[in-house]
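Visitor: Just so it is clear, I am handing over upload.txt, which has compact mmCIF, C-alpha atoms.
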# COMPACT_ATOMS: atom_id res chain seq x y z
CA MET A 1 88.96 230.27 85.03
CA ASN A 2 92.48 229.94 83.77
CA SER A 3 93.84 226.41 83.82
CA ALA A 4 97.29 227.26 82.58
CA LEU A 5 98.44 223.64 82.78
CA ALA A 6 95.79 222.05 80.59
CA PRO A 7 97.94 219.19 79.25
CA LEU A 8 97.94 217.51 82.67
CA PRO A 9 95.08 215.11 83.50
CA PRO A 10 91.92 216.95 84.69
CA PRO A 11 90.00 216.15 87.87
CA ALA A 12 87.76 213.10 87.83
CA ALA A 13 84.02 213.66 87.42
CA PRO A 14 81.60 212.49 90.13
CA THR A 15 80.63 208.84 89.82
CA SER A 16 76.92 209.64 90.25
CA TRP A 17 75.58 212.87 88.79
CA PRO A 18 72.10 212.56 90.37
CA HIS A 19 73.77 212.17 93.77
CA GLU A 20 76.06 215.14 93.06
CA PHE A 21 73.14 217.41 92.10
CA ARG A 22 71.27 216.44 95.28
CA ARG A 23 74.40 217.05 97.37
CA PHE A 24 74.89 220.43 95.71
CA ALA A 25 71.29 221.41 96.54
CA ARG A 26 71.79 220.37 100.15
CA GLU A 27 75.30 221.68 100.83
CA GLU A 28 76.17 224.39 98.31
CA CYS A 29 73.00 226.34 97.54
CA ALA A 30 70.55 225.60 100.33
CA ALA A 31 70.09 229.37 100.82
CA GLN A 32 69.16 229.79 97.13
CA PRO A 33 65.66 228.29 96.84
CA VAL A 34 65.35 228.42 93.05
CA THR A 35 68.81 227.01 92.43
CA ALA A 36 68.29 224.26 95.00
CA ALA A 37 64.94 223.35 93.42
CA LEU A 38 66.54 223.21 89.97
CA CYS A 39 69.20 220.83 91.28
CA GLN A 40 66.59 218.50 92.76
CA VAL A 41 64.67 218.35 89.48
CA LEU A 42 67.83 217.90 87.40
CA ALA A 43 68.82 214.98 89.65
CA GLU A 44 65.70 213.21 88.37
CA PHE A 45 66.26 214.15 84.71
CA PRO A 46 66.68 210.79 82.85
CA PRO A 47 69.32 211.98 80.31
CA LEU A 48 71.42 213.72 83.01
CA ASP A 49 74.29 211.23 82.90
CA ASP A 50 74.39 211.28 79.09
CA TRP A 51 74.40 215.07 78.99
CA MET A 52 77.11 215.42 81.62
CA ALA A 53 79.24 212.79 79.86
CA GLU A 54 79.67 215.33 77.05
CA VAL A 55 81.29 217.88 79.40
CA PRO A 56 85.10 218.15 79.21
CA ALA A 57 86.41 216.61 82.42
CA ALA A 58 87.97 219.85 83.69
CA GLN A 59 84.53 221.52 83.63
CA ALA A 60 82.49 218.56 84.91
CA ARG A 61 80.60 220.37 87.66
CA VAL A 62 77.01 220.99 88.63
CA ASN A 63 77.53 224.71 88.09
CA LEU A 64 77.99 224.30 84.36
CA LEU A 65 74.53 222.85 83.69
CA LEU A 66 72.97 225.37 86.06
CA ALA A 67 74.68 228.17 84.12
CA ALA A 68 73.51 226.71 80.81
CA VAL A 69 69.90 226.68 82.04
CA HIS A 70 70.23 230.23 83.41
CA GLU A 71 71.68 231.48 80.11
CA ARG A 72 68.65 230.21 78.20
CA VAL A 73 66.35 232.01 80.63
CA LEU A 74 68.36 235.23 80.36
CA ALA A 75 68.20 234.91 76.57
CA GLY A 76 64.38 234.85 76.70
CA ALA A 77 64.10 231.13 75.93
CA GLY A 78 63.00 229.96 79.37
CA GLY A 79 59.27 229.71 78.69
CA GLU A 80 57.24 229.20 81.84
CA LEU A 81 60.43 228.58 83.83
CA ALA A 82 61.26 232.30 83.67
CA ALA A 83 58.51 233.02 86.19
CA TYR A 84 60.71 231.42 88.87
CA PHE A 85 63.88 233.39 88.03
CA PRO A 86 64.34 236.66 89.96
CA SER A 87 67.22 237.47 87.58
CA VAL A 88 64.67 238.20 84.85
CA GLY A 89 62.00 239.65 87.14
CA GLY A 90 60.28 236.40 88.09
CA GLY A 91 58.85 236.24 91.58
CA ARG A 92 57.22 232.81 91.72
CA ALA A 93 58.48 230.59 94.54
CA PRO A 94 59.40 226.98 93.69
CA ASP A 95 56.23 224.90 93.65
CA ALA A 96 54.77 221.73 92.18
CA ALA A 97 54.68 223.22 88.68
CA LEU A 98 58.41 223.99 88.51
CA PRO A 99 59.55 220.45 87.49
CA ALA A 100 57.30 220.43 84.43
CA ALA A 101 58.41 223.93 83.44
CA LEU A 102 62.07 222.95 83.73
CA ARG A 103 61.62 219.70 81.81
CA ALA A 104 59.78 221.52 79.02
CA MET A 105 62.61 224.02 78.71
CA LEU A 106 65.24 221.27 78.77
CA GLN A 107 63.48 219.51 75.91
CA ALA A 108 62.91 222.65 73.85
CA GLN A 109 66.44 223.98 74.31
CA ALA A 110 68.33 220.67 74.34
CA PRO A 111 70.61 221.39 71.34
CA THR A 112 71.80 224.73 72.75
CA LEU A 113 72.11 223.41 76.29
CA ARG A 114 74.22 220.47 75.17
CA GLN A 115 76.38 222.77 73.05
CA HIS A 116 76.98 224.90 76.15
CA LEU A 117 78.00 221.79 78.08
CA ARG A 118 80.48 220.77 75.41
CA THR A 119 82.07 224.17 74.84
CA ARG A 120 81.53 226.49 77.83
CA ALA A 121 83.37 226.99 81.10
CA THR A 122 82.08 228.34 84.41
CA GLN A 123 83.35 231.88 84.96
CA THR A 124 81.95 233.85 87.85
CA ASN A 125 84.31 236.86 88.13
CA GLU A 126 82.69 237.50 91.52
CA THR A 127 83.19 241.22 92.17
CA GLY A 128 82.12 240.85 95.81
CA ARG A 129 85.60 239.43 96.42
CA CYS A 130 86.99 242.87 95.63
CA ALA A 131 86.02 243.92 99.16
CA VAL A 132 88.51 241.41 100.56
CA LEU A 133 90.99 242.04 97.73
CA ARG A 134 91.07 245.67 98.85
CA LEU A 135 91.93 244.57 102.41
CA ALA A 136 94.60 242.18 101.17
CA LEU A 137 96.24 244.87 99.03
CA ASP A 138 96.12 247.21 102.04
CA ALA A 139 98.02 244.55 104.01
CA ILE A 140 100.60 244.14 101.22
CA ALA A 141 101.10 247.91 100.95
CA ALA A 142 101.53 248.19 104.72
CA HIS A 143 104.02 245.31 104.86
CA THR A 144 106.14 246.45 101.90
CA GLY A 145 105.75 250.23 102.22
CA ALA A 146 104.84 250.33 98.52
CA GLN A 147 102.36 252.96 97.36
CA ARG A 148 102.38 251.92 93.70
CA LEU A 149 101.20 248.38 92.98
CA ALA A 150 100.89 246.40 89.75
CA LEU A 151 98.14 243.77 89.74
CA PHE A 152 98.16 240.68 87.50
CA ASP A 153 94.97 238.59 87.71
CA PHE A 154 95.53 234.90 86.88
CA GLY A 155 92.20 233.50 85.71
CA ALA A 156 90.82 237.00 85.16
CA SER A 157 87.61 236.17 83.25
CA ALA A 158 86.34 239.65 82.27
CA GLY A 159 89.09 241.42 84.24
CA LEU A 160 86.65 242.98 86.70
CA ASN A 161 88.94 242.45 89.73
CA LEU A 162 91.38 244.83 88.05
CA GLY A 163 89.12 247.76 88.94
CA VAL A 164 89.43 247.16 92.69
CA ASP A 165 91.17 250.51 93.24
CA GLY A 166 87.91 252.27 92.33
CA ASP A 167 85.72 250.43 94.85
CA TRP A 168 84.38 251.72 98.17
CA VAL A 169 84.31 249.06 100.89
CA ARG A 170 82.33 249.29 104.10
CA LEU A 171 83.37 246.84 106.83
CA LEU A 172 80.23 246.15 108.81
CA GLY A 173 80.90 245.52 112.49
CA ALA A 174 84.53 246.69 112.37
CA GLY A 175 83.87 250.03 114.07
CA GLY A 176 86.18 253.02 113.86
CA ASP A 177 87.92 253.30 110.49
CA ALA A 178 85.61 250.95 108.66
CA THR A 179 85.68 252.17 105.06
CA ARG A 180 88.19 251.84 102.24
CA GLY A 181 88.58 253.27 98.77
CA PRO A 182 87.10 256.09 96.66
CA GLY A 183 83.85 254.47 95.52
CA THR A 184 84.07 255.50 91.88
CA ARG A 185 83.02 252.03 90.67
CA LEU A 186 81.27 249.76 93.21
CA ALA A 187 80.04 250.14 96.78
CA LEU A 188 80.68 246.88 98.62
CA ASP A 189 79.64 245.74 102.09
CA CYS A 190 81.66 243.12 103.94
CA ASP A 191 80.82 241.76 107.39
CA TRP A 192 84.03 242.01 109.44
CA ARG A 193 84.27 239.26 112.05
CA GLY A 194 86.39 239.97 115.12
CA GLY A 195 89.68 241.72 115.74
CA LEU A 196 91.01 244.65 113.75
CA PRO A 197 91.06 244.78 109.96
CA PRO A 198 94.28 245.68 108.14
CA PRO A 199 94.90 249.43 108.44
CA ALA A 200 93.77 251.57 105.50
CA GLN A 201 96.61 252.44 103.12
CA ASP A 202 97.14 254.90 100.31
CA TRP A 203 98.10 252.95 97.20
CA THR A 204 97.43 253.14 93.50
CA LEU A 205 97.53 250.61 90.68
CA ALA A 206 100.30 251.75 88.36
CA ALA A 207 99.68 248.79 86.03
CA ARG A 208 97.04 246.10 85.66
CA ALA A 209 96.72 243.07 83.43
CA GLY A 210 95.28 239.59 83.46
CA THR A 211 95.05 236.34 81.58
CA ASP A 212 92.47 233.62 81.09
CA LEU A 213 91.95 230.58 78.90
CA ALA A 214 88.77 232.15 77.57
CA PRO A 215 88.48 235.84 78.53
CA ILE A 216 85.06 237.45 78.65
CA ASP A 217 84.73 240.59 76.53
CA PRO A 218 82.55 243.02 78.55
CA SER A 219 81.47 244.72 75.31
CA ASP A 220 80.03 241.47 73.83
CA PRO A 221 76.35 241.01 74.82
CA ALA A 222 76.46 237.21 74.47
CA ALA A 223 79.65 236.98 76.51
CA ARG A 224 78.20 239.26 79.19
CA ARG A 225 75.07 237.09 79.31
CA TRP A 226 77.15 233.96 79.92
CA LEU A 227 78.98 235.63 82.80
CA GLU A 228 75.64 236.69 84.28
CA ALA A 229 74.35 233.13 83.81
CA CYS A 230 77.14 231.83 86.04
CA THR A 231 75.62 233.66 89.03
CA TRP A 232 72.72 232.32 91.11
CA PRO A 233 69.38 233.44 89.59
CA ASP A 234 68.10 234.05 93.14
CA ASP A 235 70.84 236.51 94.05
CA THR A 236 69.67 239.74 92.45
CA ALA A 237 72.05 241.92 94.50
CA ARG A 238 75.03 239.93 93.25
CA LEU A 239 73.77 240.12 89.67
CA ALA A 240 73.20 243.88 89.88
CA ARG A 241 76.74 244.31 91.22
CA LEU A 242 78.12 242.23 88.36
CA ARG A 243 76.22 244.28 85.79
CA ARG A 244 77.61 247.53 87.22
CA ALA A 245 81.13 246.10 87.10
CA LEU A 246 80.61 244.94 83.50
CA THR A 247 79.65 248.49 82.55
CA TRP A 248 82.97 249.64 84.06
CA GLY A 249 84.78 246.81 82.26
CA ASP A 250 83.26 247.74 78.91
CA ALA A 251 84.42 251.36 79.30
CA ALA A 252 87.87 250.30 80.57
CA VAL A 253 88.46 247.93 77.66
CA ARG A 254 87.35 250.51 75.12
CA ALA A 255 89.69 253.08 76.71
CA GLY A 256 92.60 250.64 76.68
CA GLY A 257 92.93 250.65 80.46
CA VAL A 258 92.46 246.90 81.00
CA ARG A 259 94.08 244.08 79.07
CA VAL A 260 93.12 240.44 79.62
CA SER A 261 94.99 238.13 77.28
CA ALA A 262 93.80 234.74 76.10
CA ALA A 263 96.57 232.30 76.97
CA ALA A 264 96.98 228.60 77.67
CA ASP A 265 99.94 229.41 79.94
CA GLY A 266 99.08 232.30 82.22
CA LEU A 267 102.35 232.21 84.13
CA ALA A 268 104.28 232.65 80.87
CA GLU A 269 102.18 235.78 80.27
CA LEU A 270 103.07 237.00 83.75
CA THR A 271 106.77 236.33 83.17
CA ALA A 272 106.69 238.46 80.01
CA TRP A 273 104.74 241.24 81.78
CA LEU A 274 107.01 241.72 84.78
CA PRO A 275 109.92 243.36 82.90
CA THR A 276 107.55 245.93 81.38
CA LEU A 277 106.64 247.45 84.76
CA PRO A 278 107.92 250.87 85.86
CA GLN A 279 110.75 251.02 88.38
CA GLY A 280 109.70 250.94 92.02
CA VAL A 281 106.31 249.31 91.43
CA GLN A 282 105.38 246.34 93.60
CA PRO A 283 104.06 243.51 91.37
CA VAL A 284 101.27 241.32 92.77
CA LEU A 285 100.11 238.06 91.19
CA PHE A 286 96.50 237.40 92.20
CA ASN A 287 94.36 234.30 91.83
CA SER A 288 91.00 233.55 93.41
CA TRP A 289 89.09 230.26 93.18
CA VAL A 290 91.14 229.09 90.21
CA LEU A 291 93.15 226.26 91.70
CA ALA A 292 90.03 224.32 92.66
CA TYR A 293 89.85 223.58 88.92
CA PHE A 294 93.35 222.03 88.98
CA ASN A 295 94.11 218.48 89.93
CA PRO A 296 96.83 217.83 92.57
CA ALA A 297 99.59 217.52 89.98
CA GLN A 298 98.57 220.79 88.34
CA ARG A 299 98.46 222.58 91.68
CA GLN A 300 101.94 221.34 92.55
CA ALA A 301 103.31 222.41 89.17
CA HIS A 302 101.70 225.83 89.61
CA ARG A 303 103.21 226.16 93.08
CA ASP A 304 106.65 225.24 91.81
CA ARG A 305 106.54 227.76 88.97
CA VAL A 306 105.28 230.58 91.21
CA GLN A 307 107.98 229.75 93.75
CA ALA A 308 110.61 230.08 91.03
CA LEU A 309 109.19 233.48 90.03
CA VAL A 310 109.15 234.92 93.55
CA GLU A 311 112.70 233.74 94.17
CA ARG A 312 114.07 235.70 91.21
CA SER A 313 111.85 238.81 91.32
CA PRO A 314 110.10 241.11 93.85
CA LEU A 315 106.77 239.45 92.97
CA ILE A 316 104.24 238.79 95.74
CA ALA A 317 101.76 236.00 95.07
CA LEU A 318 98.38 236.90 96.59
CA CYS A 319 96.41 233.67 96.65
CA ALA A 320 92.71 233.40 97.58
CA GLU A 321 91.57 229.80 97.36
CA ALA A 322 89.46 227.25 99.19
CA TRP A 323 91.62 225.82 101.95
CA PRO A 324 91.83 222.23 100.58
CA PHE A 325 93.20 223.57 97.25
CA HIS A 326 95.48 226.30 98.59
CA PRO A 327 99.14 225.88 97.54
CA TRP A 328 100.51 227.93 100.47
CA GLY A 329 98.05 226.78 103.14
CA GLN A 330 100.37 224.41 104.99
CA GLY A 331 100.46 225.08 108.72
CA VAL A 332 97.28 227.17 108.68
CA ALA A 333 94.35 226.04 110.81
CA PRO A 334 91.49 224.47 108.85
CA ALA A 335 88.80 226.70 107.39
CA PRO A 336 86.40 228.29 109.90
CA GLU A 337 83.47 227.07 107.79
CA PRO A 338 82.97 225.04 104.60
CA SER A 339 84.15 226.70 101.38
CA ALA A 340 85.85 229.57 103.20
CA THR A 341 88.60 231.29 101.24
CA LEU A 342 92.12 231.60 102.63
CA TRP A 343 94.07 234.71 101.56
CA THR A 344 97.86 234.53 101.78
CA ALA A 345 100.75 236.68 100.55
CA HIS A 346 103.76 234.63 99.42
CA ASP A 347 107.19 236.01 98.48
CA ARG A 348 110.83 234.94 98.64
CA HIS A 349 110.74 235.25 102.44
CA GLY A 350 107.82 232.84 102.91
CA THR A 351 104.05 232.96 103.37
CA ARG A 352 101.90 235.25 105.49
CA ALA A 353 98.30 234.27 106.13
CA LEU A 354 96.26 237.45 105.80
CA LEU A 355 92.55 236.75 105.87
CA TRP A 356 89.75 234.24 105.83
CA SER A 357 86.62 235.19 103.88
CA HIS A 358 83.35 234.02 102.46
CA PRO A 359 83.99 232.77 98.89
CA HIS A 360 82.05 235.74 97.48
CA GLY A 361 83.36 238.32 99.96
CA ALA A 362 80.26 238.54 102.17
CA TRP A 363 82.40 238.32 105.34
CA ALA A 364 86.06 238.40 106.28
CA ARG A 365 88.29 238.09 109.34
CA ALA A 366 91.98 238.08 110.12
CA ALA A 367 93.69 234.74 109.56
Go ahead and express the file in the form of C-alpha cells.
Guide:
Amino acid sequence: MNSALAPLPPPAAPTSWPHEFRRFAREECAAQPVTAALCQVLAEFPPLDDWMAEVPAAQARVNLLLAAVHERVLAGAGGELAAYFPSVGGGRAPDAALPAALRAMLQAQAPTLRQHLRTRATQTNETGRCAVLRLALDAIAAHTGAQRLALFDFGASAGLNLGVDGDWVRLLGAGGDATRGPGTRLALDCDWRGGLPPPAQDWTLAARAGTDLAPIDPSDPAARRWLEACTWPDDTARLARLRRALTWGDAAVRAGGVRVSAAADGLAELTAWLPTLPQGVQPVLFNSWVLAYFNPAQRQAHRDRVQALVERSPLIALCAEAWPFHPWGQGVAPAPEPSATLWTAHDRHGTRALLWSHPHGAWARAA
C-alpha cells in the first residue's frame, strides 16, 4: 500500500495485541477457519507483544504476522503446520494439534518471521475488486461520455488492477445485461444486490500506470510469494485468481505495458504523469483500501492535494475505501455492513457516490 505521506505520524498500534488477535478472529476472519484458529493461538503466544513491538507503527496490524506465517508455509518451511493450509494443498481442519504445530514453526522460523515483521508491508492487490472497478469505470464513462480512459493506481502493489479492461465480469442476480468485459484475463463473479447496475459501456484504457512505496515485481518469485502470503490460506479461489493475475502481470511488465513506480510521494508521480497523456483521454486516479493505512492528518492532506489536482485538471478521483476512512464520504449513509467499501467519483464539480461493495468485490450494489 502506498503511504505517500510517510513523514506524518503513523496510526497508533493496539494497546493489547492478544486482545486484537482475538478480536480479529471473531470479527474479521470468522469465515476463515484456519486463519481464525491461527489468531487464537497467536493471542496466547508469550513473545507476541515483543515481536509486534518491532513492527513499524504504520504496519502494526494482525495481518502482517499472519502474512509472515503464511509466507513461511508457502516457502516450504511450515513443517507440520502445512497440513492445515489449503493454499499448499493441506486439508486438515483446525484441531487440538494445531497450536503445537504453529508454536514449533514460530520457534524454528523466528529469525525470518521477525525480519518480515521489521521490513515487510501488507499488500493484497485483491483482483476480486476489479469486478467493481469495471462497474465504476462504466459509470465514469457513461457520465463523461469518454471512451478512452487513463488509469493511475495509487498504492498499486503489483499493478494487477491495471489489467481490469481484460476482465470478464458476471453480475449474479442482476438479470438482463449482466456481464461486462472481454474476459481475456480473469473471469470474475460479483453478487449484485438490488436495483440496476451501471449500464455497460464501451471504453478502452489508452494509458495505465501506478505507484507504490514498495511495488511487487510479478516476475520475482519471492515477491510473488509475499503477495500470495497476504491472502487468507483458506481462500483457495482467491489465491488461484491472484496467481492468474500475476501471470498476466509478469507478461505485461516484460512487454512494457504496465509501469508501477516506487515512490514516496505517489501524488507527485501522478502530477508528472498527467501531462504525458494523449489529448482527449479521461484521466482517472484510483485508490482502494489505501487510506485505512493513513492517520487522520494524512487523510486530510491527501484529500487537500487531490482536491487541488481536480480543480486544475480534468482528473476524476475514483476512491474505494472503507467508509470510516473515505475522504469524500461526507453526507453518505453509513456502510450497509462492517468493512463495506464505498466507491465515489470526485471531480471539480463535486462527488458522486457510485457503489457499495464487499472489500474484496464479492458483492456490490448502487450507493
Visitor: When you draw a straight line from CA of Ala251 (chain A) to CA of Gly163 (chain A), how long is it in Å?
Guide: 11.3 Å
Visitor: Counting all atoms listed in the file, which residue out of A:Pro283, A:Pro275, A:Gly173, A:Pro359 sits closest to Ala206 (chain A)?
Guide: A:Pro283
Visitor: I'd like the interatomic distance between CA of Ala317 (chain A) and CA of Ala174 (chain A), to a tenth of an Å.
Guide: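 Straight-line distance from CA of Ala317 (chain A) to CA of Ala174 (chain A) works out to 26.7 Å.
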Visitor: Neighbours of region 222-229 of chain A within 6 Å (all atoms listed in the file; same-chain residues fewer than 6 positions away dropped), as an MDAnalysis selection string?
Guide: chainID A and resid 67 70:71 216
Visitor: Point out the residue among A:His19, A:Trp232, A:Trp323, A:Ala209 with the least atom-to-atom distance to Pro33 (chain A), counting only C-alpha atoms.
Guide: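 Distance minimum relative to Pro33 (chain A) lands on A:Trp232.
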Visitor: I need the residue nearest Ala297 (chain A) from this list: A:Arg312, A:Pro327, A:Ala156, A:Asp220. Use all atoms listed in the file for the distance.
Guide: A:Pro327
Visitor: At what distance in Å, to one decimal, does CA of Val253 (chain A) lie from CA of Thr211 (chain A)?
Guide: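 Those two atoms sit 13.9 Å apart.
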Visitor: For Arg303 (chain A), which residue among A:Val41, A:Ala77, A:Leu267, A:Leu172 is the nearest when counting only C-alpha atoms?
Guide: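 Ranking A:Val41, A:Ala77, A:Leu267, A:Leu172 by distance to Arg303 (chain A), first place goes to A:Leu267.
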Visitor: With only C-alpha atoms as the atoms that count, which of A:Leu135, A:Ala58, A:Val73, A:Ala25 lies nearest to Arg118 (chain A)?
Guide: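 The answer is A:Ala58, which sits nearest to Arg118 (chain A).
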Visitor: Just checking: using all atoms listed in the file, which residue out of A:Ala207, A:Ala83, A:Ala97, A:Ala158 ends up closest to Thr276 (chain A)?
Guide: A:Ala207
Visitor: Can you list, as a PyMOL selection string, every protein, DNA or RNA residue that comes within 8 Å of region 84-92 of chain A when you count only C-alpha atoms, leaving out same-chain residues fewer than 2 positions away?
Guide: chain A and resi 34+73-74+81-82+94+98+233-236+239
Visitor: List as JSON, numbers by chain the protein and nucleic acid residues near Pro198 (chain A), meaning an atom at most 9 Å away when all atoms listed in the file are counted, but skip any in the same chain fewer than 3 places from it.
Guide: {"A": [135, 136, 138, 139, 142, 201, 354, 366]}
Visitor: Any chance you could model N, CA, C and O atoms for region 167-190 of chain A and send them as a short mmCIF file (atom, residue, chain, number, x, y, z; two decimals), in the frame of the given file?
Guide:
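Below you can see rebuild_0.cif, which holds the result:
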data_model
loop_
_atom_site.label_atom_id
_atom_site.label_comp_id
_atom_site.auth_asym_id
_atom_site.auth_seq_id
_atom_site.Cartn_x
_atom_site.Cartn_y
_atom_site.Cartn_z
N ASP A 167 86.84 250.87 94.02
CA ASP A 167 85.72 250.43 94.85
C ASP A 167 85.74 251.08 96.23
O ASP A 167 86.81 251.41 96.77
N TRP A 168 84.56 251.25 96.79
CA TRP A 168 84.38 251.72 98.17
C TRP A 168 83.90 250.53 98.99
O TRP A 168 82.93 249.86 98.64
N VAL A 169 84.60 250.23 100.07
CA VAL A 169 84.31 249.06 100.89
C VAL A 169 83.91 249.51 102.28
O VAL A 169 84.63 250.29 102.92
N ARG A 170 82.77 249.02 102.74
CA ARG A 170 82.33 249.29 104.10
C ARG A 170 82.41 247.99 104.90
O ARG A 170 81.82 246.98 104.52
N LEU A 171 83.18 248.02 105.99
CA LEU A 171 83.37 246.84 106.83
C LEU A 171 82.35 246.89 107.96
O LEU A 171 82.51 247.63 108.94
N LEU A 172 81.30 246.15 107.83
CA LEU A 172 80.23 246.15 108.81
C LEU A 172 80.70 245.46 110.08
O LEU A 172 81.25 244.36 110.04
N GLY A 173 80.51 246.11 111.21
CA GLY A 173 80.90 245.52 112.49
C GLY A 173 82.33 245.78 112.89
O GLY A 173 82.75 245.37 113.97
N ALA A 174 83.12 246.45 112.03
CA ALA A 174 84.53 246.69 112.37
C ALA A 174 84.69 247.88 113.30
O ALA A 174 85.66 247.95 114.06
N GLY A 175 83.76 248.83 113.25
CA GLY A 175 83.87 250.03 114.07
C GLY A 175 85.03 250.91 113.65
O GLY A 175 85.88 250.53 112.85
N GLY A 176 85.07 252.12 114.15
CA GLY A 176 86.18 253.02 113.86
C GLY A 176 86.36 253.27 112.37
O GLY A 176 85.41 253.60 111.67
N ASP A 177 87.59 253.08 111.90
CA ASP A 177 87.92 253.30 110.49
C ASP A 177 87.45 252.09 109.70
O ASP A 177 88.17 251.11 109.53
N ALA A 178 86.23 252.14 109.23
CA ALA A 178 85.61 250.95 108.66
C ALA A 178 85.28 251.10 107.18
O ALA A 178 84.44 250.37 106.67
N THR A 179 85.91 252.04 106.50
CA THR A 179 85.68 252.17 105.06
C THR A 179 87.02 252.23 104.34
O THR A 179 88.04 252.61 104.91
N ARG A 180 87.00 251.84 103.08
CA ARG A 180 88.19 251.84 102.24
C ARG A 180 87.81 252.30 100.85
O ARG A 180 86.74 251.96 100.35
N GLY A 181 88.69 253.02 100.19
CA GLY A 181 88.58 253.27 98.77
C GLY A 181 87.70 254.44 98.39
O GLY A 181 86.92 254.96 99.20
N PRO A 182 87.78 254.88 97.11
CA PRO A 182 87.10 256.09 96.66
C PRO A 182 85.64 255.91 96.26
O PRO A 182 84.88 256.86 96.26
N GLY A 183 85.24 254.69 95.89
CA GLY A 183 83.85 254.47 95.52
C GLY A 183 83.45 254.99 94.16
O GLY A 183 82.30 255.36 93.94
N THR A 184 84.40 255.03 93.22
CA THR A 184 84.07 255.50 91.88
C THR A 184 83.49 254.40 91.00
O THR A 184 83.00 254.68 89.92
N ARG A 185 83.56 253.14 91.46
CA ARG A 185 83.02 252.03 90.67
C ARG A 185 81.91 251.30 91.41
O ARG A 185 80.74 251.40 91.08
N LEU A 186 82.24 250.55 92.46
CA LEU A 186 81.27 249.76 93.21
C LEU A 186 81.29 250.15 94.67
O LEU A 186 82.33 250.52 95.22
N ALA A 187 80.14 250.03 95.33
CA ALA A 187 80.04 250.14 96.78
C ALA A 187 79.80 248.73 97.32
O ALA A 187 78.81 248.09 96.97
N LEU A 188 80.71 248.25 98.16
CA LEU A 188 80.68 246.88 98.62
C LEU A 188 80.60 246.84 100.14
O LEU A 188 81.33 247.55 100.83
N ASP A 189 79.73 245.99 100.66
CA ASP A 189 79.64 245.74 102.09
C ASP A 189 80.27 244.40 102.41
O ASP A 189 80.05 243.41 101.70
N CYS A 190 81.04 244.36 103.49
CA CYS A 190 81.66 243.12 103.94
C CYS A 190 81.51 243.05 105.45
O CYS A 190 81.86 244.00 106.16
#
